[in-house]
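Colleague: What follows is a single structure, and I will ask about it in a moment.
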Amino acid sequence: QKEVEQDPGPLSVPEGAIVSLNCTYSNSAFQYFMWYRQYSRKGPELLMYTYSSGNKEDGRFTAQVDKSSKYISLFIRDSQPSDSATYLCAMRVTNAGKSTFGDGTTLTVKP
Amino acid sequence: DTGVSQDPRHKITKRGQNVTFRCDPISEHNRLYWYRQTLGQGPEFLTYFQNEAQLEKSRLLSDRFSAERPKGSFSTLEIQRTEQGDSAMYLCASSRTGTGVETQYFGPGTRLLVL
C-alpha cells in the first residue's frame, strides 16, 4: 500500500463548479502538505502548502488538512477551463527534504 | 526566464546504452532534487543534494544510477545500461533553504524512452 493515496479521477465538471480533490495518507509523521498542479508535459507547479492541521485559503483555492483522519483536501471555487490539469498532493515529514506524492487526479473543466 | 532548466527535453535510446541528463537549478538555490515520474503516477523521489553533498538516495536508485553536483550548481543524472523499465520522465527541482517553508521549483523534465 502506498503512503499517499489520491482519488484517481478523472474528474470532469462544468465551468463555475466547486471542485473537491482529496488525498489520504498513512505516515503520521507527515507535517507539511502541498498541492501541485501539473499541465501536460510540464513539471509540477506548487499551488499551496499547509503546515499541520487547519485550513488555508488563496484566492479560489482552499486547502484543508485533518491530521487526526490523515486526510487532506483541495477545493477550487468557480472553476475555470484553465484549471484543467492534473493535481498532485504531496507531503513531507520535515520542512525541507524529499516529498512523497500521490498519483494525481486529472481535472477537466468544460466551458 | 530564470526557472529550472533541464536538458535534453527528450531522449530515445536503445536498451543497454548509457544516458546522461543535466539540470540547471535556479540561481542561488542550494538544494537540488531528482524525481522520476511514470505515466499515471506521481513523482517518486530519487536523490537530493545540498550544495555539492548528496544527502539522501532512494532505494529506487539502483547501482546503475549515479548523480553528481560537482560545484554545487548544475547536476547530472547518469543511467548506465538502460532498461525498458527506466522509461519515464525525470524531473529536477531546486529550492533555497532557510527562507521559511521550503518551496521546490520543478523543471520541465527530461522524457526518456528506452527501446
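Chain lettering (A, B, ...) mirrors the order of the C-alpha cells, residue numbering begins at 1 for each chain separately, and ligand numbering begins at 1 in order of display.
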Please identify all residues of chain A having at least one atom at most 10 Å from any atom of chain B, considering only C-alpha atoms, and return them as a PDB file with N, CA, C and O atoms, in the first residue's frame.

Modeller:
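What follows is the written file iface.pdb:
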```pdb
ATOM      1  N   VAL A   4       0.763   7.513   0.304  1.00  0.00           N
ATOM      2  CA  VAL A   4      -0.186   8.572  -0.048  1.00  0.00           C
ATOM      3  C   VAL A   4      -1.111   8.049  -1.131  1.00  0.00           C
ATOM      4  O   VAL A   4      -0.654   7.598  -2.177  1.00  0.00           O
ATOM      5  N   GLN A   6      -4.462   8.897  -3.572  1.00  0.00           N
ATOM      6  CA  GLN A   6      -5.215  10.024  -4.117  1.00  0.00           C
ATOM      7  C   GLN A   6      -6.318   9.493  -5.007  1.00  0.00           C
ATOM      8  O   GLN A   6      -6.101   8.543  -5.778  1.00  0.00           O
ATOM      9  N   PRO A   8      -8.228   8.771  -8.013  1.00  0.00           N
ATOM     10  CA  PRO A   8      -7.598   8.792  -9.334  1.00  0.00           C
ATOM     11  C   PRO A   8      -8.315   9.633 -10.378  1.00  0.00           C
ATOM     12  O   PRO A   8      -7.697  10.091 -11.333  1.00  0.00           O
ATOM     13  N   TYR A  32       3.993  18.529   6.615  1.00  0.00           N
ATOM     14  CA  TYR A  32       3.900  19.563   5.581  1.00  0.00           C
ATOM     15  C   TYR A  32       3.144  18.973   4.405  1.00  0.00           C
ATOM     16  O   TYR A  32       3.489  17.898   3.902  1.00  0.00           O
ATOM     17  N   MET A  34       1.314  19.700   0.606  1.00  0.00           N
ATOM     18  CA  MET A  34       1.349  20.560  -0.559  1.00  0.00           C
ATOM     19  C   MET A  34       0.382  20.075  -1.626  1.00  0.00           C
ATOM     20  O   MET A  34       0.054  18.879  -1.703  1.00  0.00           O
ATOM     21  N   ARG A  41       2.861  17.424 -20.013  1.00  0.00           N
ATOM     22  CA  ARG A  41       4.236  17.542 -20.484  1.00  0.00           C
ATOM     23  C   ARG A  41       5.006  18.690 -19.816  1.00  0.00           C
ATOM     24  O   ARG A  41       5.969  19.221 -20.388  1.00  0.00           O
ATOM     25  N   LYS A  42       4.555  19.075 -18.626  1.00  0.00           N
ATOM     26  CA  LYS A  42       5.252  20.112 -17.862  1.00  0.00           C
ATOM     27  C   LYS A  42       5.612  19.561 -16.483  1.00  0.00           C
ATOM     28  O   LYS A  42       5.090  18.523 -16.052  1.00  0.00           O
ATOM     29  N   GLY A  43       6.486  20.279 -15.785  1.00  0.00           N
ATOM     30  CA  GLY A  43       6.790  19.914 -14.413  1.00  0.00           C
ATOM     31  C   GLY A  43       5.706  20.402 -13.465  1.00  0.00           C
ATOM     32  O   GLY A  43       4.951  21.322 -13.790  1.00  0.00           O
ATOM     33  N   PRO A  44       5.598  19.804 -12.280  1.00  0.00           N
ATOM     34  CA  PRO A  44       4.603  20.256 -11.297  1.00  0.00           C
ATOM     35  C   PRO A  44       4.894  21.683 -10.827  1.00  0.00           C
ATOM     36  O   PRO A  44       6.049  22.091 -10.714  1.00  0.00           O
ATOM     37  N   GLU A  45       3.819  22.389 -10.521  1.00  0.00           N
ATOM     38  CA  GLU A  45       3.905  23.773 -10.042  1.00  0.00           C
ATOM     39  C   GLU A  45       3.188  23.841  -8.698  1.00  0.00           C
ATOM     40  O   GLU A  45       2.035  23.418  -8.578  1.00  0.00           O
ATOM     41  N   LEU A  46       3.877  24.370  -7.675  1.00  0.00           N
ATOM     42  CA  LEU A  46       3.280  24.437  -6.347  1.00  0.00           C
ATOM     43  C   LEU A  46       2.106  25.422  -6.318  1.00  0.00           C
ATOM     44  O   LEU A  46       2.244  26.566  -6.732  1.00  0.00           O
ATOM     45  N   MET A  48      -0.240  25.384  -3.288  1.00  0.00           N
ATOM     46  CA  MET A  48      -0.425  25.765  -1.890  1.00  0.00           C
ATOM     47  C   MET A  48       0.306  24.787  -0.989  1.00  0.00           C
ATOM     48  O   MET A  48       0.511  23.634  -1.354  1.00  0.00           O
ATOM     49  N   TYR A  49       0.681  25.252   0.175  1.00  0.00           N
ATOM     50  CA  TYR A  49       1.202  24.348   1.191  1.00  0.00           C
ATOM     51  C   TYR A  49       0.550  24.697   2.527  1.00  0.00           C
ATOM     52  O   TYR A  49       0.149  25.824   2.774  1.00  0.00           O
ATOM     53  N   THR A  50       0.458  23.691   3.382  1.00  0.00           N
ATOM     54  CA  THR A  50      -0.115  23.850   4.712  1.00  0.00           C
ATOM     55  C   THR A  50       0.757  23.104   5.706  1.00  0.00           C
ATOM     56  O   THR A  50       1.214  21.993   5.421  1.00  0.00           O
ATOM     57  N   TYR A  51       0.973  23.725   6.823  1.00  0.00           N
ATOM     58  CA  TYR A  51       1.724  23.061   7.893  1.00  0.00           C
ATOM     59  C   TYR A  51       0.739  22.562   8.938  1.00  0.00           C
ATOM     60  O   TYR A  51      -0.122  23.321   9.404  1.00  0.00           O
ATOM     61  N   THR A  86      -3.635  18.105 -14.094  1.00  0.00           N
ATOM     62  CA  THR A  86      -3.530  17.059 -13.085  1.00  0.00           C
ATOM     63  C   THR A  86      -3.097  17.693 -11.773  1.00  0.00           C
ATOM     64  O   THR A  86      -2.149  18.487 -11.757  1.00  0.00           O
ATOM     65  N   TYR A  87      -3.788  17.362 -10.705  1.00  0.00           N
ATOM     66  CA  TYR A  87      -3.485  17.908  -9.382  1.00  0.00           C
ATOM     67  C   TYR A  87      -2.853  16.814  -8.532  1.00  0.00           C
ATOM     68  O   TYR A  87      -3.397  15.717  -8.391  1.00  0.00           O
ATOM     69  N   LEU A  88      -1.710  17.145  -7.976  1.00  0.00           N
ATOM     70  CA  LEU A  88      -0.935  16.201  -7.177  1.00  0.00           C
ATOM     71  C   LEU A  88      -0.867  16.684  -5.737  1.00  0.00           C
ATOM     72  O   LEU A  88      -0.531  17.833  -5.485  1.00  0.00           O
ATOM     73  N   CYS A  89      -1.186  15.801  -4.799  1.00  0.00           N
ATOM     74  CA  CYS A  89      -0.906  16.135  -3.416  1.00  0.00           C
ATOM     75  C   CYS A  89       0.496  15.610  -3.088  1.00  0.00           C
ATOM     76  O   CYS A  89       0.973  14.657  -3.701  1.00  0.00           O
ATOM     77  N   ALA A  90       1.149  16.258  -2.146  1.00  0.00           N
ATOM     78  CA  ALA A  90       2.493  15.852  -1.735  1.00  0.00           C
ATOM     79  C   ALA A  90       2.665  16.152  -0.256  1.00  0.00           C
ATOM     80  O   ALA A  90       2.031  17.068   0.276  1.00  0.00           O
ATOM     81  N   THR A  94       9.554  16.713   7.188  1.00  0.00           N
ATOM     82  CA  THR A  94      10.278  17.875   7.676  1.00  0.00           C
ATOM     83  C   THR A  94      10.022  19.083   6.786  1.00  0.00           C
ATOM     84  O   THR A  94       9.486  18.963   5.684  1.00  0.00           O
ATOM     85  N   ASN A  95      10.473  20.249   7.245  1.00  0.00           N
ATOM     86  CA  ASN A  95      10.267  21.474   6.478  1.00  0.00           C
ATOM     87  C   ASN A  95      10.934  21.396   5.115  1.00  0.00           C
ATOM     88  O   ASN A  95      10.433  21.909   4.128  1.00  0.00           O
ATOM     89  N   ALA A  96      12.084  20.754   5.064  1.00  0.00           N
ATOM     90  CA  ALA A  96      12.809  20.641   3.806  1.00  0.00           C
ATOM     91  C   ALA A  96      13.170  19.182   3.581  1.00  0.00           C
ATOM     92  O   ALA A  96      13.331  18.428   4.531  1.00  0.00           O
ATOM     93  N   GLY A  97      13.295  18.800   2.344  1.00  0.00           N
ATOM     94  CA  GLY A  97      13.662  17.423   2.053  1.00  0.00           C
ATOM     95  C   GLY A  97      12.719  16.804   1.036  1.00  0.00           C
ATOM     96  O   GLY A  97      11.924  17.480   0.391  1.00  0.00           O
ATOM     97  N   LYS A  98      12.813  15.484   0.928  1.00  0.00           N
ATOM     98  CA  LYS A  98      12.044  14.779  -0.099  1.00  0.00           C
ATOM     99  C   LYS A  98      10.557  14.875   0.173  1.00  0.00           C
ATOM    100  O   LYS A  98      10.108  14.908   1.317  1.00  0.00           O
ATOM    101  N   SER A  99       9.803  14.928  -0.912  1.00  0.00           N
ATOM    102  CA  SER A  99       8.349  14.916  -0.836  1.00  0.00           C
ATOM    103  C   SER A  99       7.833  13.574  -1.332  1.00  0.00           C
ATOM    104  O   SER A  99       8.420  12.971  -2.235  1.00  0.00           O
ATOM    105  N   THR A 100       6.739  13.129  -0.736  1.00  0.00           N
ATOM    106  CA  THR A 100       6.043  11.920  -1.183  1.00  0.00           C
ATOM    107  C   THR A 100       4.749  12.362  -1.842  1.00  0.00           C
ATOM    108  O   THR A 100       3.953  13.069  -1.224  1.00  0.00           O
ATOM    109  N   PHE A 101       4.572  11.950  -3.091  1.00  0.00           N
ATOM    110  CA  PHE A 101       3.454  12.421  -3.896  1.00  0.00           C
ATOM    111  C   PHE A 101       2.359  11.365  -4.007  1.00  0.00           C
ATOM    112  O   PHE A 101       2.624  10.156  -3.997  1.00  0.00           O
ATOM    113  N   GLY A 102       1.106  11.844  -4.186  1.00  0.00           N
ATOM    114  CA  GLY A 102       0.040  10.988  -4.664  1.00  0.00           C
ATOM    115  C   GLY A 102       0.168  10.832  -6.168  1.00  0.00           C
ATOM    116  O   GLY A 102       1.031  11.462  -6.803  1.00  0.00           O
ATOM    117  N   ASP A 103      -0.683   9.987  -6.745  1.00  0.00           N
ATOM    118  CA  ASP A 103      -0.584   9.714  -8.179  1.00  0.00           C
ATOM    119  C   ASP A 103      -1.331  10.715  -9.045  1.00  0.00           C
ATOM    120  O   ASP A 103      -1.285  10.615 -10.273  1.00  0.00           O
ATOM    121  N   GLY A 104      -2.024  11.660  -8.420  1.00  0.00           N
ATOM    122  CA  GLY A 104      -2.643  12.723  -9.183  1.00  0.00           C
ATOM    123  C   GLY A 104      -4.086  12.450  -9.562  1.00  0.00           C
ATOM    124  O   GLY A 104      -4.486  11.295  -9.748  1.00  0.00           O
ATOM    125  N   THR A 105      -4.848  13.533  -9.667  1.00  0.00           N
ATOM    126  CA  THR A 105      -6.221  13.489 -10.177  1.00  0.00           C
ATOM    127  C   THR A 105      -6.282  14.423 -11.371  1.00  0.00           C
ATOM    128  O   THR A 105      -5.911  15.595 -11.270  1.00  0.00           O
ATOM    129  N   THR A 106      -6.742  13.896 -12.499  1.00  0.00           N
ATOM    130  CA  THR A 106      -6.858  14.715 -13.699  1.00  0.00           C
ATOM    131  C   THR A 106      -8.224  15.388 -13.721  1.00  0.00           C
ATOM    132  O   THR A 106      -9.252  14.722 -13.638  1.00  0.00           O
TER     133      THR A 106
END
```

Colleague: Can you tell me, as a list of chain:residue names, what residues are no more than 8 Å from Gly54 in chain A when counting only C-alpha atoms, ignoring any on the same chain fewer than 6 positions away?

Modeller: A:Gln64, A:Val65, A:Asp66

Colleague: Check the DSSP output for the backbone and give back, as a tab-separated table (two decimals) with C-alpha atoms, in the first residue's frame, the residues of chain B in strand (DSSP E or B).

Modeller:
```
chain	number	residue	atom	x	y	z
B	5	SER	CA	16.08	24.10	-16.86
B	6	GLN	CA	16.70	20.52	-17.97
B	7	ASP	CA	18.50	19.13	-20.97
B	10	HIS	CA	13.51	14.19	-24.80
B	11	LYS	CA	15.81	11.22	-25.17
B	12	ILE	CA	15.29	7.98	-27.05
B	13	THR	CA	17.87	5.29	-26.53
B	19	VAL	CA	22.36	8.26	-20.92
B	20	THR	CA	23.11	11.47	-19.04
B	21	PHE	CA	20.72	14.27	-18.15
B	22	ARG	CA	21.55	17.75	-16.96
B	23	CYS	CA	19.70	20.06	-14.59
B	24	ASP	CA	20.43	23.75	-14.05
B	31	ARG	CA	19.20	22.24	-2.80
B	32	LEU	CA	18.63	20.17	-5.91
B	33	TYR	CA	16.30	17.19	-6.17
B	34	TRP	CA	15.80	14.44	-8.74
B	35	TYR	CA	12.44	12.71	-9.08
B	36	ARG	CA	11.14	10.14	-11.57
B	37	GLN	CA	7.58	10.12	-12.86
B	44	GLU	CA	8.98	9.49	-6.95
B	45	PHE	CA	11.98	10.80	-5.06
B	46	LEU	CA	15.37	9.61	-6.28
B	47	THR	CA	18.03	11.72	-4.60
B	48	TYR	CA	18.92	15.23	-3.48
B	49	PHE	CA	21.90	17.47	-2.93
B	50	GLN	CA	22.62	20.33	-0.62
B	53	ALA	CA	26.82	16.98	-0.94
B	54	GLN	CA	24.45	14.18	-1.85
B	55	LEU	CA	22.39	13.89	1.31
B	56	GLU	CA	19.89	11.16	0.53
B	57	LYS	CA	19.32	8.46	-2.05
B	65	PHE	CA	22.08	5.34	-11.50
B	66	SER	CA	24.55	7.98	-10.41
B	67	ALA	CA	24.05	11.65	-9.75
B	68	GLU	CA	26.55	14.43	-9.24
B	75	SER	CA	23.65	18.47	-11.60
B	76	THR	CA	23.86	15.42	-13.85
B	77	LEU	CA	21.98	12.16	-13.59
B	78	GLU	CA	23.51	9.22	-15.44
B	79	ILE	CA	21.82	5.91	-16.11
B	88	ALA	CA	9.96	7.74	-17.51
B	89	MET	CA	10.02	11.50	-17.05
B	90	TYR	CA	13.00	12.59	-14.97
B	91	LEU	CA	12.22	15.75	-13.04
B	92	CYS	CA	14.64	18.08	-11.36
B	93	ALA	CA	13.65	20.57	-8.67
B	94	SER	CA	15.58	23.19	-6.76
B	95	SER	CA	15.00	25.13	-3.57
B	105	TYR	CA	10.56	24.56	-8.06
B	106	PHE	CA	10.37	21.92	-10.76
B	110	THR	CA	13.51	15.00	-19.43
B	111	ARG	CA	11.37	12.34	-21.04
B	112	LEU	CA	13.31	9.12	-21.56
B	113	LEU	CA	12.20	6.29	-23.82
B	114	VAL	CA	14.23	3.09	-23.80
```

Colleague: Using CA of Phe61 in chain A and CA of Leu107 in chain A as the two end points, give the distance in Å to one decimal.

Modeller: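 Computing it gives 14.4 Å between the two atoms.
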
Colleague: Residues at most 6 Å from Ser84 in chain A, counting only C-alpha atoms, excluding those fewer than 2 positions away in the same chain, as number ranges by chain?

Modeller: A: 81-82, 107-109

Colleague: I'd like the interatomic distance between CA of Thr24 in chain A and CA of Arg37 in chain A, to a tenth of an Å.

Modeller: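 Going from CA of Thr24 in chain A over to CA of Arg37 in chain A covers 17.7 Å.
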
Colleague: Rounded to one decimal, what separation in Å do you get between CA of Met91 in chain A and CA of Arg64 in chain B?

Modeller: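 We find that CA of Met91 in chain A and CA of Arg64 in chain B lie 27.7 Å from each other.
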
Colleague: Could you list, as a PyMOL selection string, every residue within 6 Å of Ile18 in chain A, counting only C-alpha atoms and ignoring same-chain residues fewer than 4 positions away?

Modeller: chain A and resi 76-78

Colleague: Of the residues A:Ser52, A:Ser28, A:Ser20, A:Gln38, which is the one nearest to Ser73 in chain A, using only C-alpha atoms?

Modeller: A:Ser20
